[in-house]
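K.L.:
The structure file query-v9.pdb (PDB, C-alpha atoms) is provided below.
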ATOM      1  CA  MET A   1       0.000   0.000   0.000
ATOM      2  CA  GLY A   2       1.240   3.507  -0.833
ATOM      3  CA  LYS A   3       1.484   6.320   1.683
ATOM      4  CA  GLY A   4      -1.846   8.092   2.173
ATOM      5  CA  ARG A   5      -2.215  11.792   1.354
ATOM      6  CA  SER A   6      -4.968  14.270   2.108
ATOM      7  CA  LEU A   7      -6.353  16.336  -0.806
ATOM      8  CA  GLU A   8      -8.509  19.377  -0.126
ATOM      9  CA  LEU A   9     -10.895  20.458  -2.880
ATOM     10  CA  TYR A  10     -12.729  23.756  -2.546
ATOM     11  CA  PHE A  11     -15.650  24.351  -4.917
ATOM     12  CA  ILE A  12     -15.589  28.115  -5.180
ATOM     13  CA  ASP A  13     -19.035  28.399  -6.786
ATOM     14  CA  GLY A  14     -20.528  25.619  -4.702
ATOM     15  CA  LYS A  15     -21.014  23.671  -7.930
ATOM     16  CA  PRO A  16     -19.120  20.556  -9.122
ATOM     17  CA  ASP A  17     -18.702  21.990 -12.635
ATOM     18  CA  GLY A  18     -17.635  25.482 -11.528
ATOM     19  CA  MET A  19     -14.292  26.857 -10.370
ATOM     20  CA  LEU A  20     -12.354  24.820  -7.834
ATOM     21  CA  THR A  21      -9.038  24.860  -6.051
ATOM     22  CA  ALA A  22      -6.982  21.823  -5.040
ATOM     23  CA  GLU A  23      -4.295  21.691  -2.372
ATOM     24  CA  VAL A  24      -2.449  18.927  -0.525
ATOM     25  CA  PHE A  25      -1.316  19.237   3.091
ATOM     26  CA  ASN A  26       2.396  20.065   3.290
ATOM     27  CA  TRP A  27       2.649  20.620  -0.494
ATOM     28  CA  THR A  28       3.670  24.051  -1.767
ATOM     29  CA  GLY A  29       1.583  23.742  -4.924
ATOM     30  CA  HIS A  30      -1.817  25.219  -5.679
ATOM     31  CA  VAL A  31      -4.210  24.286  -8.510
ATOM     32  CA  LEU A  32      -7.053  26.452  -9.794
ATOM     33  CA  MET A  33      -9.408  24.856 -12.322
ATOM     34  CA  THR A  34     -11.991  26.948 -14.128
ATOM     35  CA  PRO A  35     -14.447  26.556 -16.997
ATOM     36  CA  ARG A  36     -13.958  29.150 -19.724
ATOM     37  CA  THR A  37     -17.375  30.575 -18.891
ATOM     38  CA  ARG A  38     -15.917  31.732 -15.530
ATOM     39  CA  ILE A  39     -12.537  32.899 -16.834
ATOM     40  CA  LYS A  40     -13.171  36.558 -15.911
ATOM     41  CA  ASP A  41     -13.786  35.611 -12.278
ATOM     42  CA  ALA A  42     -10.837  33.209 -12.269
ATOM     43  CA  LEU A  43      -8.429  35.832 -13.613
ATOM     44  CA  GLY A  44      -9.593  38.217 -10.915
ATOM     45  CA  ARG A  45      -8.178  35.912  -8.222
ATOM     46  CA  GLY A  46      -4.751  36.596  -6.746
ATOM     47  CA  GLU A  47      -3.146  33.335  -7.857
ATOM     48  CA  ALA A  48      -3.961  34.146 -11.487
ATOM     49  CA  GLY A  49      -1.220  36.782 -11.346
ATOM     50  CA  TYR A  50       1.400  34.298 -10.092
ATOM     51  CA  THR A  51       4.180  32.586 -12.013
ATOM     52  CA  GLY A  52       3.171  29.065 -13.011
ATOM     53  CA  VAL A  53       2.184  26.573 -15.663
ATOM     54  CA  TYR A  54      -1.241  26.062 -17.180
ATOM     55  CA  ILE A  55      -3.196  23.497 -19.151
ATOM     56  CA  LEU A  56      -5.977  24.293 -21.608
ATOM     57  CA  LEU A  57      -8.472  21.490 -22.321
ATOM     58  CA  GLY A  58     -11.115  21.303 -25.007
ATOM     59  CA  GLU A  59     -12.099  19.804 -28.339
ATOM     60  CA  THR A  60     -11.597  20.529 -32.011
ATOM     61  CA  GLU A  61     -13.285  18.931 -35.011
ATOM     62  CA  ASN A  62     -10.652  16.184 -34.711
ATOM     63  CA  GLY A  63     -11.483  15.365 -31.084
ATOM     64  CA  PRO A  64     -10.039  16.239 -27.631
ATOM     65  CA  GLN A  65      -7.046  18.553 -27.490
ATOM     66  CA  ALA A  66      -4.834  20.174 -24.864
ATOM     67  CA  TYR A  67      -2.240  22.905 -24.652
ATOM     68  CA  ILE A  68       0.452  23.235 -21.965
ATOM     69  CA  GLY A  69       2.226  26.524 -21.296
ATOM     70  CA  GLU A  70       4.026  28.623 -18.706
ATOM     71  CA  ALA A  71       4.043  32.300 -17.799
ATOM     72  CA  GLU A  72       5.413  34.707 -15.229
ATOM     73  CA  ASP A  73       1.926  36.226 -15.085
ATOM     74  CA  LEU A  74      -0.692  33.575 -15.783
ATOM     75  CA  GLY A  75      -3.529  36.073 -16.023
ATOM     76  CA  THR A  76      -1.893  38.052 -18.806
ATOM     77  CA  ARG A  77      -1.101  34.884 -20.756
ATOM     78  CA  LEU A  78      -4.622  33.474 -20.348
ATOM     79  CA  ARG A  79      -6.181  36.725 -21.549
ATOM     80  CA  GLY A  80      -4.223  36.274 -24.753
ATOM     81  CA  HIS A  81      -5.489  32.711 -25.135
ATOM     82  CA  VAL A  82      -9.086  33.846 -24.683
ATOM     83  CA  LYS A  83      -8.633  36.015 -27.776
ATOM     84  CA  GLY A  84      -6.317  33.717 -29.720
ATOM     85  CA  LYS A  85      -7.616  30.178 -29.100
ATOM     86  CA  ASP A  86     -11.302  29.408 -29.510
ATOM     87  CA  TRP A  87     -11.282  25.620 -28.971
ATOM     88  CA  TRP A  88     -10.561  25.317 -25.238
ATOM     89  CA  GLU A  89     -13.260  25.115 -22.563
ATOM     90  CA  VAL A  90     -11.329  24.489 -19.311
ATOM     91  CA  ALA A  91      -8.156  26.030 -17.883
ATOM     92  CA  VAL A  92      -6.005  24.584 -15.099
ATOM     93  CA  LEU A  93      -3.606  27.036 -13.442
ATOM     94  CA  ILE A  94      -0.754  25.484 -11.434
ATOM     95  CA  THR A  95       1.187  27.752  -9.087
ATOM     96  CA  SER A  96       2.677  27.732  -5.584
ATOM     97  CA  THR A  97       0.835  29.077  -2.568
ATOM     98  CA  ALA A  98       3.689  31.487  -1.765
ATOM     99  CA  ASN A  99       4.273  32.477  -5.413
ATOM    100  CA  ASN A 100       7.893  31.333  -5.130
ATOM    101  CA  LEU A 101       8.194  29.612  -8.501
ATOM    102  CA  HIS A 102      10.393  31.523 -10.927
ATOM    103  CA  LYS A 103      10.826  31.430 -14.704
ATOM    104  CA  ALA A 104      13.338  28.557 -14.729
ATOM    105  CA  HIS A 105      11.086  26.485 -12.457
ATOM    106  CA  VAL A 106       8.014  26.820 -14.647
ATOM    107  CA  LYS A 107       9.911  26.281 -17.895
ATOM    108  CA  TYR A 108      11.157  23.004 -16.399
ATOM    109  CA  LEU A 109       7.654  22.033 -15.298
ATOM    110  CA  GLU A 110       6.219  22.921 -18.714
ATOM    111  CA  SER A 111       8.813  20.778 -20.488
ATOM    112  CA  ARG A 112       8.248  17.810 -18.174
ATOM    113  CA  LEU A 113       4.455  18.003 -18.481
ATOM    114  CA  VAL A 114       4.646  18.048 -22.283
ATOM    115  CA  GLU A 115       7.069  15.101 -22.199
ATOM    116  CA  MET A 116       4.706  13.129 -19.987
ATOM    117  CA  ALA A 117       1.678  13.918 -22.143
ATOM    118  CA  LEU A 118       3.527  12.831 -25.278
ATOM    119  CA  VAL A 119       4.475   9.527 -23.615
ATOM    120  CA  THR A 120       0.945   8.651 -22.479
ATOM    121  CA  LYS A 121      -0.647   9.841 -25.755
ATOM    122  CA  ARG A 122      -3.989  10.128 -23.973
ATOM    123  CA  MET A 123      -4.749  13.545 -25.479
ATOM    124  CA  PRO A 124      -3.272  15.278 -28.559
ATOM    125  CA  LEU A 125      -1.304  18.435 -27.802
ATOM    126  CA  GLU A 126      -1.456  21.637 -29.799
ATOM    127  CA  ASN A 127       2.119  22.213 -28.580
ATOM    128  CA  GLY A 128       3.739  19.607 -30.817
ATOM    129  CA  ASN A 129       7.209  18.893 -29.424
ATOM    130  CA  ALA A 130       8.367  19.305 -25.836
ATOM    131  CA  PRO A 131      10.178  22.605 -25.148
ATOM    132  CA  THR A 132      13.776  22.482 -23.951
ATOM    133  CA  ARG A 133      14.128  22.047 -20.198
ATOM    134  CA  SER A 134      15.572  24.992 -18.311
ATOM    135  CA  SER A 135      18.875  24.547 -16.503
ATOM    136  CA  LEU A 136      18.296  24.002 -12.803
ATOM    137  CA  SER A 137      20.658  22.989 -10.035
ATOM    138  CA  GLU A 138      20.562  19.399  -8.836
ATOM    139  CA  SER A 139      18.591  20.385  -5.734
ATOM    140  CA  ALA A 140      16.124  22.557  -7.680
ATOM    141  CA  THR A 141      15.545  19.735 -10.165
ATOM    142  CA  ALA A 142      14.810  17.349  -7.298
ATOM    143  CA  ASN A 143      12.368  19.880  -5.841
ATOM    144  CA  MET A 144      10.523  20.208  -9.144
ATOM    145  CA  GLU A 145      10.322  16.438  -9.569
ATOM    146  CA  GLU A 146       8.839  16.167  -6.072
ATOM    147  CA  PHE A 147       6.395  18.961  -6.982
ATOM    148  CA  LEU A 148       5.392  16.986 -10.088
ATOM    149  CA  GLU A 149       4.959  13.771  -8.111
ATOM    150  CA  THR A 150       2.272  15.356  -5.948
ATOM    151  CA  LEU A 151       0.751  17.159  -8.929
ATOM    152  CA  MET A 152       0.286  13.766 -10.625
ATOM    153  CA  MET A 153      -1.906  12.767  -7.676
ATOM    154  CA  VAL A 154      -3.913  16.000  -7.760
ATOM    155  CA  LEU A 155      -4.682  16.239 -11.484
ATOM    156  CA  PRO A 156      -6.370  12.815 -11.888
ATOM    157  CA  ALA A 157      -8.460  13.610  -8.799
ATOM    158  CA  ILE A 158      -9.960  16.587 -10.676
ATOM    159  CA  GLN A 159     -10.495  14.485 -13.823
ATOM    160  CA  VAL A 160      -7.363  15.658 -15.656
ATOM    161  CA  ASP A 161      -5.922  12.231 -16.472
ATOM    162  CA  MET A 162      -3.940  13.025 -19.628
ATOM    163  CA  PHE A 163      -0.645  12.339 -17.794
ATOM    164  CA  VAL A 164      -1.670   8.939 -16.397
ATOM    165  CA  ASN A 165       0.189   6.166 -18.167
ATOM    166  CA  LYS A 166      -2.016   3.065 -18.123
ATOM    167  CA  ALA A 167       0.594   0.968 -19.913
ATOM    168  CA  GLN A 168       2.231  -0.848 -17.007
ATOM    169  CA  HIS A 169       4.846  -3.432 -16.206
ATOM    170  CA  VAL A 170       3.606  -6.145 -13.868
ATOM    171  CA  LYS A 171       6.552  -7.053 -11.689
ATOM    172  CA  ALA A 172       7.452  -7.381  -8.046
ATOM    173  CA  ASP A 173       8.701  -4.364  -6.121
ATOM    174  CA  GLU A 174      12.068  -5.364  -4.668
ATOM    175  CA  ASN A 175      11.702  -2.764  -1.920
ATOM    176  CA  LYS A 176       8.474  -4.264  -0.607
ATOM    177  CA  PRO A 177       8.162  -7.398   1.520
ATOM    178  CA  GLU A 178       7.056 -10.489  -0.347
ATOM    179  CA  ALA A 179       3.281 -10.460  -0.829
ATOM    180  CA  THR A 180       0.648 -12.894  -2.006
ATOM    181  CA  PRO A 181       0.928 -13.219  -5.815
ATOM    182  CA  SER A 182      -1.739 -11.318  -7.730
ATOM    183  CA  PRO A 183      -4.493 -13.661  -8.927
ATOM    184  CA  GLU A 184      -4.733 -14.155 -12.694
ATOM    185  CA  PHE A 185      -7.978 -14.213 -14.661
ATOM    186  CA  ALA A 186      -8.645 -15.257 -18.241
ATOM    187  CA  ILE A 187     -11.149 -14.847 -21.058
ATOM    188  CA  ASN A 188     -10.847 -17.489 -23.774
ATOM    189  CA  SER A 189     -12.863 -17.922 -26.956
ATOM    190  CA  PRO A 190     -10.966 -19.602 -29.814
ATOM    191  CA  ARG A 191     -13.935 -18.974 -32.120
ATOM    192  CA  LEU A 192     -13.569 -15.207 -31.632
ATOM    193  CA  GLY A 193      -9.768 -15.217 -31.514
ATOM    194  CA  VAL A 194      -9.818 -14.178 -27.849
ATOM    195  CA  ALA A 195      -7.197 -15.425 -25.364
ATOM    196  CA  ALA A 196      -6.554 -12.829 -22.665
ATOM    197  CA  VAL A 197      -4.976 -12.949 -19.212
ATOM    198  CA  ALA A 198      -5.218 -10.223 -16.565
ATOM    199  CA  SER A 199      -4.123  -9.594 -12.981
ATOM    200  CA  ILE A 200      -5.497  -7.442 -10.178
ATOM    201  CA  VAL A 201      -2.725  -5.063  -9.083
ATOM    202  CA  ASP A 202      -3.287  -2.090  -6.755
ATOM    203  CA  GLY A 203      -7.001  -2.124  -7.459
ATOM    204  CA  GLU A 204      -6.715  -2.117 -11.251
ATOM    205  CA  MET A 205      -7.191  -4.935 -13.733
ATOM    206  CA  ILE A 206      -4.073  -5.199 -15.855
ATOM    207  CA  VAL A 207      -4.390  -7.105 -19.114
ATOM    208  CA  HIS A 208      -1.046  -8.725 -19.877
ATOM    209  CA  ALA A 209       1.038  -8.083 -22.962
ATOM    210  CA  GLY A 210       0.547 -10.926 -25.444
ATOM    211  CA  SER A 211      -3.173 -11.210 -24.687
ATOM    212  CA  LYS A 212      -5.440 -11.420 -27.708
ATOM    213  CA  GLY A 213      -8.761  -9.665 -28.053
ATOM    214  CA  ARG A 214     -11.455  -9.600 -30.691
ATOM    215  CA  LYS A 215     -10.209  -8.186 -33.977
ATOM    216  CA  GLU A 216     -13.108  -5.749 -34.519
ATOM    217  CA  TRP A 217     -15.508  -3.804 -32.330
ATOM    218  CA  VAL A 218     -18.982  -5.329 -32.699
ATOM    219  CA  GLY A 219     -20.908  -3.474 -29.987
ATOM    220  CA  LYS A 220     -23.755  -1.296 -31.233
ATOM    221  CA  ALA A 221     -25.397   0.300 -28.189
ATOM    222  CA  SER A 222     -24.773   4.020 -27.724
ATOM    223  CA  TRP A 223     -24.092   3.595 -23.987
ATOM    224  CA  ASP A 224     -21.003   1.462 -24.644
ATOM    225  CA  SER A 225     -19.374   4.150 -26.834
ATOM    226  CA  GLY A 226     -16.952   5.010 -24.010
ATOM    227  CA  TYR A 227     -15.461   1.520 -24.167
ATOM    228  CA  LYS A 228     -15.208   1.770 -27.949
ATOM    229  CA  SER A 229     -13.406   5.114 -27.625
ATOM    230  CA  LEU A 230     -10.965   3.547 -25.179
ATOM    231  CA  ARG A 231     -10.347   0.651 -27.552
ATOM    232  CA  ASP A 232      -9.863   3.044 -30.480
ATOM    233  CA  HIS A 233      -7.329   4.966 -28.401
ATOM    234  CA  LEU A 234      -5.347   1.801 -27.622
ATOM    235  CA  ILE A 235      -5.241   1.011 -31.341
ATOM    236  CA  GLU A 236      -4.166   4.562 -32.165
ATOM    237  CA  VAL A 237      -1.212   4.480 -29.751
ATOM    238  CA  GLY A 238      -0.122   0.959 -30.717
ATOM    239  CA  ILE A 239      -0.985  -0.850 -27.482
ATOM    240  CA  LEU A 240      -3.582  -2.924 -29.365
ATOM    241  CA  VAL A 241      -2.550  -4.009 -32.879
ATOM    242  CA  PRO A 242      -4.051  -6.301 -35.562
ATOM    243  CA  ASP A 243      -2.697  -9.833 -35.362
ATOM    244  CA  GLY A 244      -4.329 -12.254 -37.798
ATOM    245  CA  ASP A 245      -7.877 -12.898 -36.604
ATOM    246  CA  SER A 246      -7.263 -11.093 -33.302
ATOM    247  CA  ALA A 247      -6.059  -7.833 -31.796
ATOM    248  CA  LEU A 248      -2.829  -8.205 -29.805
ATOM    249  CA  PHE A 249      -1.877  -6.331 -26.632
ATOM    250  CA  THR A 250       1.726  -5.189 -27.151
ATOM    251  CA  GLU A 251       2.039  -3.920 -23.559
ATOM    252  CA  ASN A 252       0.459  -4.509 -20.186
ATOM    253  CA  PHE A 253      -2.452  -2.098 -19.808
ATOM    254  CA  ALA A 254      -4.332  -1.142 -16.632
ATOM    255  CA  PHE A 255      -8.120  -0.799 -16.707
ATOM    256  CA  SER A 256     -10.234   0.790 -14.001
ATOM    257  CA  SER A 257     -12.640  -2.159 -13.799
ATOM    258  CA  PRO A 258     -13.076  -5.792 -14.898
ATOM    259  CA  SER A 259     -15.892  -4.726 -17.241
ATOM    260  CA  ALA A 260     -13.769  -2.087 -18.998
ATOM    261  CA  ALA A 261     -11.042  -4.688 -19.560
ATOM    262  CA  ALA A 262     -13.557  -7.295 -20.769
ATOM    263  CA  ALA A 263     -15.223  -4.832 -23.149
ATOM    264  CA  VAL A 264     -11.945  -3.948 -24.870
ATOM    265  CA  VAL A 265     -10.965  -7.625 -25.076
ATOM    266  CA  GLU A 266     -14.361  -8.795 -26.377
ATOM    267  CA  GLY A 267     -15.054  -5.839 -28.653
ATOM    268  CA  ARG A 268     -18.427  -5.055 -27.069
ATOM    269  CA  ALA A 269     -19.954  -4.026 -23.754
ATOM    270  CA  ALA A 270     -19.400  -6.866 -21.294
ATOM    271  CA  ASN A 271     -19.935  -7.837 -17.671
ATOM    272  CA  GLY A 272     -16.348  -8.448 -16.688
ATOM    273  CA  ARG A 273     -17.328  -9.703 -13.262
ATOM    274  CA  ILE A 274     -18.823 -12.755 -14.989
ATOM    275  CA  ASP A 275     -16.714 -13.041 -18.145
ATOM    276  CA  TRP A 276     -13.326 -13.063 -16.399
ATOM    277  CA  LYS A 277     -12.646 -16.502 -14.880
ATOM    278  CA  LEU A 278      -9.950 -17.370 -12.373
ATOM    279  CA  LYS A 279      -7.240 -18.783 -14.611
ATOM    280  CA  GLY A 280      -7.528 -22.554 -15.039
ATOM    281  CA  THR A 281     -10.977 -22.731 -13.426
ATOM    282  CA  ASN A 282     -14.631 -21.879 -14.109
ATOM    283  CA  THR A 283     -14.729 -19.531 -11.111
ATOM    284  CA  THR A 284     -15.981 -16.095 -12.133
ATOM    285  CA  TYR A 285     -14.484 -12.878 -10.865
ATOM    286  CA  THR A 286     -17.649 -12.336  -8.792
ATOM    287  CA  GLU A 287     -17.337 -15.771  -7.164
ATOM    288  CA  TRP A 288     -13.630 -15.227  -6.469
ATOM    289  CA  GLU A 289     -14.362 -11.817  -4.938
ATOM    290  CA  ALA A 290     -17.079 -13.285  -2.692
ATOM    291  CA  ALA A 291     -14.681 -16.004  -1.551
ATOM    292  CA  GLN A 292     -12.105 -13.366  -0.573
ATOM    293  CA  LEU A 293     -14.684 -11.634   1.614
ATOM    294  CA  ASP A 294     -15.754 -14.940   3.183
ATOM    295  CA  GLN A 295     -12.150 -15.534   4.263
ATOM    296  CA  MET A 296     -12.064 -12.301   6.246
ATOM    297  CA  GLU A 297     -12.272 -12.870   9.980
ATOM    298  CA  PRO A 298     -15.165 -11.092  11.707
ATOM    299  CA  GLU A 299     -14.113  -8.295  14.041
TER     300      GLU A 299
END
Will you turn the file into structure tokens for me?

P.N.:
Amino acid sequence: MGKGRSLELYFIDGKPDGMLTAEVFNWTGHVLMTPRTRIKDALGRGEAGYTGVYILLGETENGPQAYIGEAEDLGTRLRGHVKGKDWWEVAVLITSTANNLHKAHVKYLESRLVEMALVTKRMPLENGNAPTRSSLSESATANMEEFLETLMMVLPAIQVDMFVNKAQHVKADENKPEATPSPEFAINSPRLGVAAVASIVDGEMIVHAGSKGRKEWVGKASWDSGYKSLRDHLIEVGILVPDGDSALFTENFAFSSPSAAAAVVEGRAANGRIDWKLKGTNTTYTEWEAAQLDQMEPE
């Protein structure tokens, strides 16, 4: 288990889709997220005049898009983007509570964020290539990497998951005491070209590299379009590639639920809690889960 952290979200408008701030105890960073419809109010706040980095999120005719930048005065820069960029709908301003980030700090953070976004390929960037990192001392670089580490916890919590790399390596952590091996589950259907294996690791279902899923998406219901979009994304970034009568996973990939993993594997909406079977048995994920709870000793 990782070390717990406490995240404080403050909904400035009292609405979940309005402006919000995010802070973590004992972290120097500060995040302000605002819809474009509230940009005037957001830029009137003190932190909007700080030095920091920012992320613009929105959509073009080609789909979702983001832009990552830095500025010594975020408010001035964002005013320019209101006039010059018409596609974005949400802005995320990342500063420090004491306004002690300087130009070299934020240029480093901007470069690292672009690098990370290009690696995950979860959202196309208007930026293109990553800007050159600024020169920082060894200690300043370590401070910025620690700043980023906490920021990578904060951003997914406010639904900015473009930096989360779901392609994962399933291996033991040498620094942790030996633990019970992760259970493996399988979906097999030779007729459909499906032969997939997955493990539960840290609460996510990770489909193993080498697993084979259905070659084409066959689902038709509008409510399963999210799974189709996820599958299309995996094909686009090369994690899922055509392989004869199947689609091959070239890397381990972490899914948020058994059903999401099953849907991508089977090419249609699926109940992963039933379709995934404990490897080598007919025990469903649901039955395995119930058995785990039965083994717990009553308090």

K.L.:
For CA of Pro131 (chain A) and CA of Ser111 (chain A), quote the distance in Å rounded to one decimal.

P.N.:
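Computing the Euclidean distance for CA of Pro131 (chain A) and CA of Ser111 (chain A) yields 5.2 Å.
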
K.L.:
Would you kindly translate the PyMOL selection byres ((chain A and resi 13) around 12) into the concrete residues it picks from this file, as a count of residues only?

P.N.:
17

K.L.:
Do a neighbour search on region 56-69 of chain A at 10 Å with only C-alpha atoms, toss out local chain neighbours closer than 5 positions, and write the hits as a ChimeraX atom specification.

P.N.:
/A:33-36,74,77-78,81,85-93,106-107,109-111,113-114,117,122-128,130-131,160,162

K.L.:
Provide the CA of Gly280 (chain A) to CA of Gly219 (chain A) distance in Å, to one decimal place.

P.N.:
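Atom-to-atom, CA of Gly280 (chain A) and CA of Gly219 (chain A) are spaced 27.7 Å apart.
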
K.L.:
Is it possible to get the residues within 10 Å of (-6.3, -5.7, -12.4) (coordinates as in the file, counting all atoms listed in the file) written as a list in words?

P.N.:
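The requested residues, written out, are Ser182, Pro183, Glu184, Phe185, Ala198, Ser199, Ile200, Val201, Asp202, Gly203, Glu204, Met205, Ile206, Val207, His208, Phe253, Ala254, Phe255, Ser256, Ser257, Pro258 and Ala261 of chain A.
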
K.L.:
Which of these, A:Thr28, A:Asn99, A:Asp245, A:Trp276, has the shortest distance to Gly46 (chain A) once you count only C-alpha atoms?

P.N.:
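With only C-alpha atoms as the atom set, the closest residue is A:Asn99.
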
K.L.:
Let me know the residues the PyMOL selection byres ((chain A and resi 233) around 12) catches in the file above, as an mmCIF file with C-alpha atoms, in the coordinates of the input.

P.N.:
data_model
loop_
_atom_site.group_PDB
_atom_site.id
_atom_site.type_symbol
_atom_site.label_atom_id
_atom_site.label_comp_id
_atom_site.auth_asym_id
_atom_site.auth_seq_id
_atom_site.Cartn_x
_atom_site.Cartn_y
_atom_site.Cartn_z
ATOM 1 C CA GLY A 63 -11.483 15.365 -31.084
ATOM 2 C CA PRO A 64 -10.039 16.239 -27.631
ATOM 3 C CA THR A 120 0.945 8.651 -22.479
ATOM 4 C CA LYS A 121 -0.647 9.841 -25.755
ATOM 5 C CA ARG A 122 -3.989 10.128 -23.973
ATOM 6 C CA MET A 123 -4.749 13.545 -25.479
ATOM 7 C CA PRO A 124 -3.272 15.278 -28.559
ATOM 8 C CA LYS A 166 -2.016 3.065 -18.123
ATOM 9 C CA GLY A 226 -16.952 5.010 -24.010
ATOM 10 C CA TYR A 227 -15.461 1.520 -24.167
ATOM 11 C CA LYS A 228 -15.208 1.770 -27.949
ATOM 12 C CA SER A 229 -13.406 5.114 -27.625
ATOM 13 C CA LEU A 230 -10.965 3.547 -25.179
ATOM 14 C CA ARG A 231 -10.347 0.651 -27.552
ATOM 15 C CA ASP A 232 -9.863 3.044 -30.480
ATOM 16 C CA LEU A 234 -5.347 1.801 -27.622
ATOM 17 C CA ILE A 235 -5.241 1.011 -31.341
ATOM 18 C CA GLU A 236 -4.166 4.562 -32.165
ATOM 19 C CA VAL A 237 -1.212 4.480 -29.751
ATOM 20 C CA GLY A 238 -0.122 0.959 -30.717
ATOM 21 C CA ILE A 239 -0.985 -0.850 -27.482
ATOM 22 C CA LEU A 240 -3.582 -2.924 -29.365
ATOM 23 C CA VAL A 241 -2.550 -4.009 -32.879
ATOM 24 C CA VAL A 264 -11.945 -3.948 -24.870
#

K.L.:
Which of these, A:Glu216, A:Glu138, A:Asp294, A:Glu8, has the shortest distance to Gly29 (chain A) once you count only C-alpha atoms?

P.N.:
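Answer, going by the shortest atom-to-atom distance: A:Glu8.
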
K.L.:
For CA of Ala167 (chain A) and CA of Thr286 (chain A), determine how far apart the two atoms are, in Å to one decimal place.

P.N.:
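Here the two named atoms are 25.2 Å from each other.
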
K.L.:
Do you know which residues the PyMOL selection byres ((chain A and resi 192) around 8) returns on this file, as a ChimeraX atom specification?

P.N.:
/A:189-191,193-194,214,245-246

K.L.:
Residues proximal to (-9.5, -16.3, -22.1) were defined as those with any atom within 7 Å of that point in the file's coordinates, counting only C-alpha atoms. Which are they, as a ChimeraX atom specification?

P.N.:
/A:186-189,194-197

K.L.:
Looking at all atoms listed in the file, which of A:Asn143, A:Glu70, A:Thr284, A:Leu148 is the one that sits closest to Asn271 (chain A)?

P.N.:
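Of A:Asn143, A:Glu70, A:Thr284, A:Leu148, the one nearest Asn271 (chain A) is A:Thr284, counting all atoms listed in the file.
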
K.L.:
Here is a test: counting only C-alpha atoms, which residue of A:Asn129, A:Thr76, A:Thr150, A:Ser135 is nearest to Ile39 (chain A)?

P.N.:
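Answer, going by the shortest atom-to-atom distance: A:Thr76.
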
K.L.:
With all atoms of region 32-37 of chain A from the file as input, state the centre and edge lengths in Å to one decimal of the axis-aligned box that has 4 Å extra on each side, as AutoDock Vina command-line options.

P.N.:
--center_x -12.2 --center_y 27.7 --center_z -14.8 --size_x 18.3 --size_y 13.7 --size_z 17.9

K.L.:
Where atoms are missing, can you supply N, CA, C and O atoms for region 92-101 of chain A and output the lot as a PDB file, in the coordinates of the input?

P.N.:
ATOM      1  N   VAL A  92      -6.549  25.023 -16.384  1.00  0.00           N
ATOM      2  CA  VAL A  92      -6.005  24.584 -15.099  1.00  0.00           C
ATOM      3  C   VAL A  92      -4.742  25.388 -14.845  1.00  0.00           C
ATOM      4  O   VAL A  92      -3.785  25.308 -15.617  1.00  0.00           O
ATOM      5  N   LEU A  93      -4.740  26.183 -13.781  1.00  0.00           N
ATOM      6  CA  LEU A  93      -3.606  27.036 -13.442  1.00  0.00           C
ATOM      7  C   LEU A  93      -2.866  26.406 -12.269  1.00  0.00           C
ATOM      8  O   LEU A  93      -3.460  26.143 -11.210  1.00  0.00           O
ATOM      9  N   ILE A  94      -1.564  26.166 -12.443  1.00  0.00           N
ATOM     10  CA  ILE A  94      -0.754  25.484 -11.434  1.00  0.00           C
ATOM     11  C   ILE A  94       0.319  26.440 -10.946  1.00  0.00           C
ATOM     12  O   ILE A  94       1.183  26.871 -11.723  1.00  0.00           O
ATOM     13  N   THR A  95       0.253  26.799  -9.668  1.00  0.00           N
ATOM     14  CA  THR A  95       1.187  27.752  -9.087  1.00  0.00           C
ATOM     15  C   THR A  95       1.667  27.218  -7.737  1.00  0.00           C
ATOM     16  O   THR A  95       1.414  26.064  -7.392  1.00  0.00           O
ATOM     17  N   SER A  96       2.336  28.067  -6.964  1.00  0.00           N
ATOM     18  CA  SER A  96       2.677  27.732  -5.584  1.00  0.00           C
ATOM     19  C   SER A  96       1.952  28.705  -4.670  1.00  0.00           C
ATOM     20  O   SER A  96       1.682  29.849  -5.043  1.00  0.00           O
ATOM     21  N   THR A  97       1.618  28.240  -3.480  1.00  0.00           N
ATOM     22  CA  THR A  97       0.835  29.077  -2.568  1.00  0.00           C
ATOM     23  C   THR A  97       1.569  30.358  -2.188  1.00  0.00           C
ATOM     24  O   THR A  97       0.942  31.394  -1.943  1.00  0.00           O
ATOM     25  N   ALA A  98       2.898  30.320  -2.148  1.00  0.00           N
ATOM     26  CA  ALA A  98       3.689  31.487  -1.765  1.00  0.00           C
ATOM     27  C   ALA A  98       4.210  32.255  -2.973  1.00  0.00           C
ATOM     28  O   ALA A  98       4.985  33.204  -2.816  1.00  0.00           O
ATOM     29  N   ASN A  99       3.802  31.850  -4.176  1.00  0.00           N
ATOM     30  CA  ASN A  99       4.273  32.477  -5.413  1.00  0.00           C
ATOM     31  C   ASN A  99       5.801  32.522  -5.477  1.00  0.00           C
ATOM     32  O   ASN A  99       6.407  33.550  -5.827  1.00  0.00           O
ATOM     33  N   ASN A 100       6.428  31.373  -5.134  1.00  0.00           N
ATOM     34  CA  ASN A 100       7.893  31.333  -5.130  1.00  0.00           C
ATOM     35  C   ASN A 100       8.471  30.519  -6.278  1.00  0.00           C
ATOM     36  O   ASN A 100       9.644  30.161  -6.260  1.00  0.00           O
ATOM     37  N   LEU A 101       7.646  30.203  -7.283  1.00  0.00           N
ATOM     38  CA  LEU A 101       8.194  29.612  -8.501  1.00  0.00           C
ATOM     39  C   LEU A 101       8.717  30.737  -9.383  1.00  0.00           C
ATOM     40  O   LEU A 101       8.088  31.800  -9.501  1.00  0.00           O
TER      41      LEU A 101
END
